[in-house]
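The structure appears right after this line, and notes come after that.
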Amino acid sequence: MDFFETVKRRHSICRFSDRPVAHKDILGMLEAATLAPSATNEQPWRFIVIRDKNLKEGMRDVVNAMVEAVTASTEDQSRQKRLAWMKSYSTHFADAPVAIAVLARPWVGGGYSPPTDPARRDLALESVAMAVAHLQLAATALGYSSCFASSPAEFAREELETLLGVEQPWFLVGIISLGVAAKRPGKRPVRKSVAEVSTFIG
Ligand SMILES: Cc1cc2nc3c(=O)[nH]c(=O)nc-3n(C[C@H](O)[C@H](O)[C@H](O)COP(=O)(O)O)c2cc1C
């Protein structure tokens, strides 16, 4: 598939058919991810490919429990409504044929910056974001659909890290839901125009 066609076809899809994702295709997507640029080429990423139904459901349970705890802590009805919606926004990985947990490790950069420097985490996230984009585009090129979700980590980072056996300095960034789309994608969420987001100098 032509590169720009691939870019245009990628949508965030979170409902999938039962069709499996071929192992060799997952390896192809992971290889594409590893070819992404990263700050000082540290490649601060790890991918945990989860096909085990029980584990995916256990992960969903901990996310739901955390969302419910936050919901119980607020009286604000509009916030509660939003949180109810966040449940499905944060747990679609459980029904996807494949869930890929994306981990990062803070940037080291030769160790010149102090361990508390926020740039260490920023650079790791910037690098990992590029790897996720590569992975999602590769998934599209291979005929699959995906959705990256950061919210499971926002609600239940520590609980999920425990379930997945993640050890410091690694931390969970998000989870990619991956599979064959259940139906054709609807309209893409509206984008700002190139003119609106670009400035040419010179
Ligand atoms: C950093 C980041 C975090 C996201 N988190 C979530 C999420 O928690 N749950 C979800 O369903 N989608 C999530 N998305 C997907 C966005 O909602 C989606 O990319 C956006 O609405 C644009 O739609 P499109 O990807 O189909 O073009 C996330 C995307 C990014 C880049």
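By convention here, the chains of the structure tokens are called A, B, ... in the order presented, each chain's residues are numbered starting at 1, and ligands are numbered starting at 1 in the order presented.
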
Picked from region 49-103 of chain A by DSSP as alpha helix (DSSP H), as a ChimeraX atom specification: /A:53-72,77-91

Protein and nucleic acid residues within 7 Å of ligand 1 (only C-alpha atoms and all ligand atoms) as a count of residues only: 15

As a compact mmCIF listing (two decimals) with N, CA, C and O atoms, in the first residue's frame, please: the residues near Ile50 (chain A) (cut-off 9 Å, only C-alpha atoms, same-chain neighbours under 3 positions excluded).
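Written file, part-v9.txt:
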```
# COMPACT_ATOMS: atom_id res chain seq x y z
N LYS A 53 -6.55 -14.36 27.11
CA LYS A 53 -7.84 -13.75 27.41
C LYS A 53 -7.97 -13.42 28.90
O LYS A 53 -8.44 -12.35 29.29
N LEU A 55 -5.67 -12.79 31.09
CA LEU A 55 -4.86 -11.64 31.48
C LEU A 55 -5.53 -10.34 31.02
O LEU A 55 -5.64 -9.37 31.78
N LYS A 56 -6.01 -10.35 29.78
CA LYS A 56 -6.66 -9.13 29.27
C LYS A 56 -7.87 -8.77 30.15
O LYS A 56 -8.08 -7.61 30.49
N PRO A 97 -8.37 -8.93 19.76
CA PRO A 97 -7.62 -10.18 19.66
C PRO A 97 -6.22 -10.06 20.27
O PRO A 97 -5.71 -10.98 20.88
N VAL A 98 -5.63 -8.89 20.10
CA VAL A 98 -4.27 -8.66 20.63
C VAL A 98 -4.23 -7.32 21.35
O VAL A 98 -4.76 -6.32 20.85
N ALA A 99 -3.62 -7.32 22.53
CA ALA A 99 -3.36 -6.06 23.23
C ALA A 99 -1.84 -5.94 23.34
O ALA A 99 -1.16 -6.93 23.68
N ILE A 100 -1.33 -4.78 23.03
CA ILE A 100 0.13 -4.59 23.15
C ILE A 100 0.39 -3.49 24.17
O ILE A 100 0.05 -2.32 23.95
N ALA A 101 0.95 -3.90 25.31
CA ALA A 101 1.31 -2.92 26.34
C ALA A 101 2.61 -2.26 25.92
O ALA A 101 3.57 -2.94 25.53
```

Per residue of region 86-161 of chain A within 10 Å of region 61-79 of chain A, note the shortest atom pair and the distance in Å to one decimal, counting only C-alpha atoms, and order the rows by chain and increasing residue number, as a tab-separated table.
```
residue	atom	partner	partner_atom	distance
A:Met86	CA	A:Val67	CA	7.7
A:Lys87	CA	A:Asn64	CA	6.1
A:Ser88	CA	A:Asn64	CA	8.9
A:Ser90	CA	A:Val63	CA	7.3
A:Thr91	CA	A:Val63	CA	7.1
A:Ala94	CA	A:Asp61	CA	9.4
A:Ser151	CA	A:Val63	CA	9.0
A:Pro152	CA	A:Val63	CA	6.1
A:Ala153	CA	A:Val63	CA	8.4
A:Glu154	CA	A:Val63	CA	9.3
A:Phe155	CA	A:Met66	CA	6.0
A:Ala156	CA	A:Val63	CA	5.5
A:Arg157	CA	A:Val63	CA	8.8
A:Glu158	CA	A:Val62	CA	10.0
A:Glu159	CA	A:Val62	CA	6.7
A:Leu160	CA	A:Val62	CA	7.3
```

Would you pick out the contacts of region 112-123 of chain A at 10 Å or less, using only C-alpha atoms, so that residues sharing its chain but fewer than 6 positions from it are not included, and give the list as a list in words?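 Contacts, with the query itself left out: Ser38, Ala39, Thr40, Glu42, Pro44, Ala104, Arg105, Pro106 and Ala129 of chain A.
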
Mind giving me the straight-line distance from CA of Ala139 (chain A) to CA of Trp107 (chain A) in Å, one decimal?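 Here the two named atoms are 26.9 Å from each other.
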
Shell around Leu30 (chain A) at 12 Å using only C-alpha atoms, local window under 6 positions removed, as a VMD selection string: chain A and resid 23 to 24 36 45 to 49 100 to 102 131 to 139 176

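Contact shell of Arg19 (chain A) at 10 Å (only C-alpha atoms; same-chain neighbours under 5 positions omitted): A:Ala96, A:Pro97, A:Gly179, A:Val180, A:Ala181, A:Ala182.
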
What is the distance, in Å and to one decimal place, between CA of Pro37 (chain A) and CA of Glu5 (chain A)? 21.9 Å

Based on DSSP run over this structure's backbone, return all residues of region 17-199 of chain A in strand (DSSP E or B), as a list in words.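 Listing strand (DSSP E or B) positions across region 17-199 of chain A yields Trp45, Arg46, Phe47, Ile48, Val49, Ile50, Val98, Ala99, Ile100, Ala101, Val102, Leu103, Ala104, Ser145, Ser146, Cys147, Phe148, Ala149, Phe171, Leu172, Val173, Gly174, Ile175, Ile176, Ser177, Leu178, Gly179 and Ala181 of chain A.
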
Residue nearest Ala124 (chain A) - candidates A:Gly202, A:Gly143, A:Pro169, A:Pro20, atoms counted: only C-alpha atoms: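 That would be A:Pro169, the residue with the smallest distance to Ala124 (chain A).
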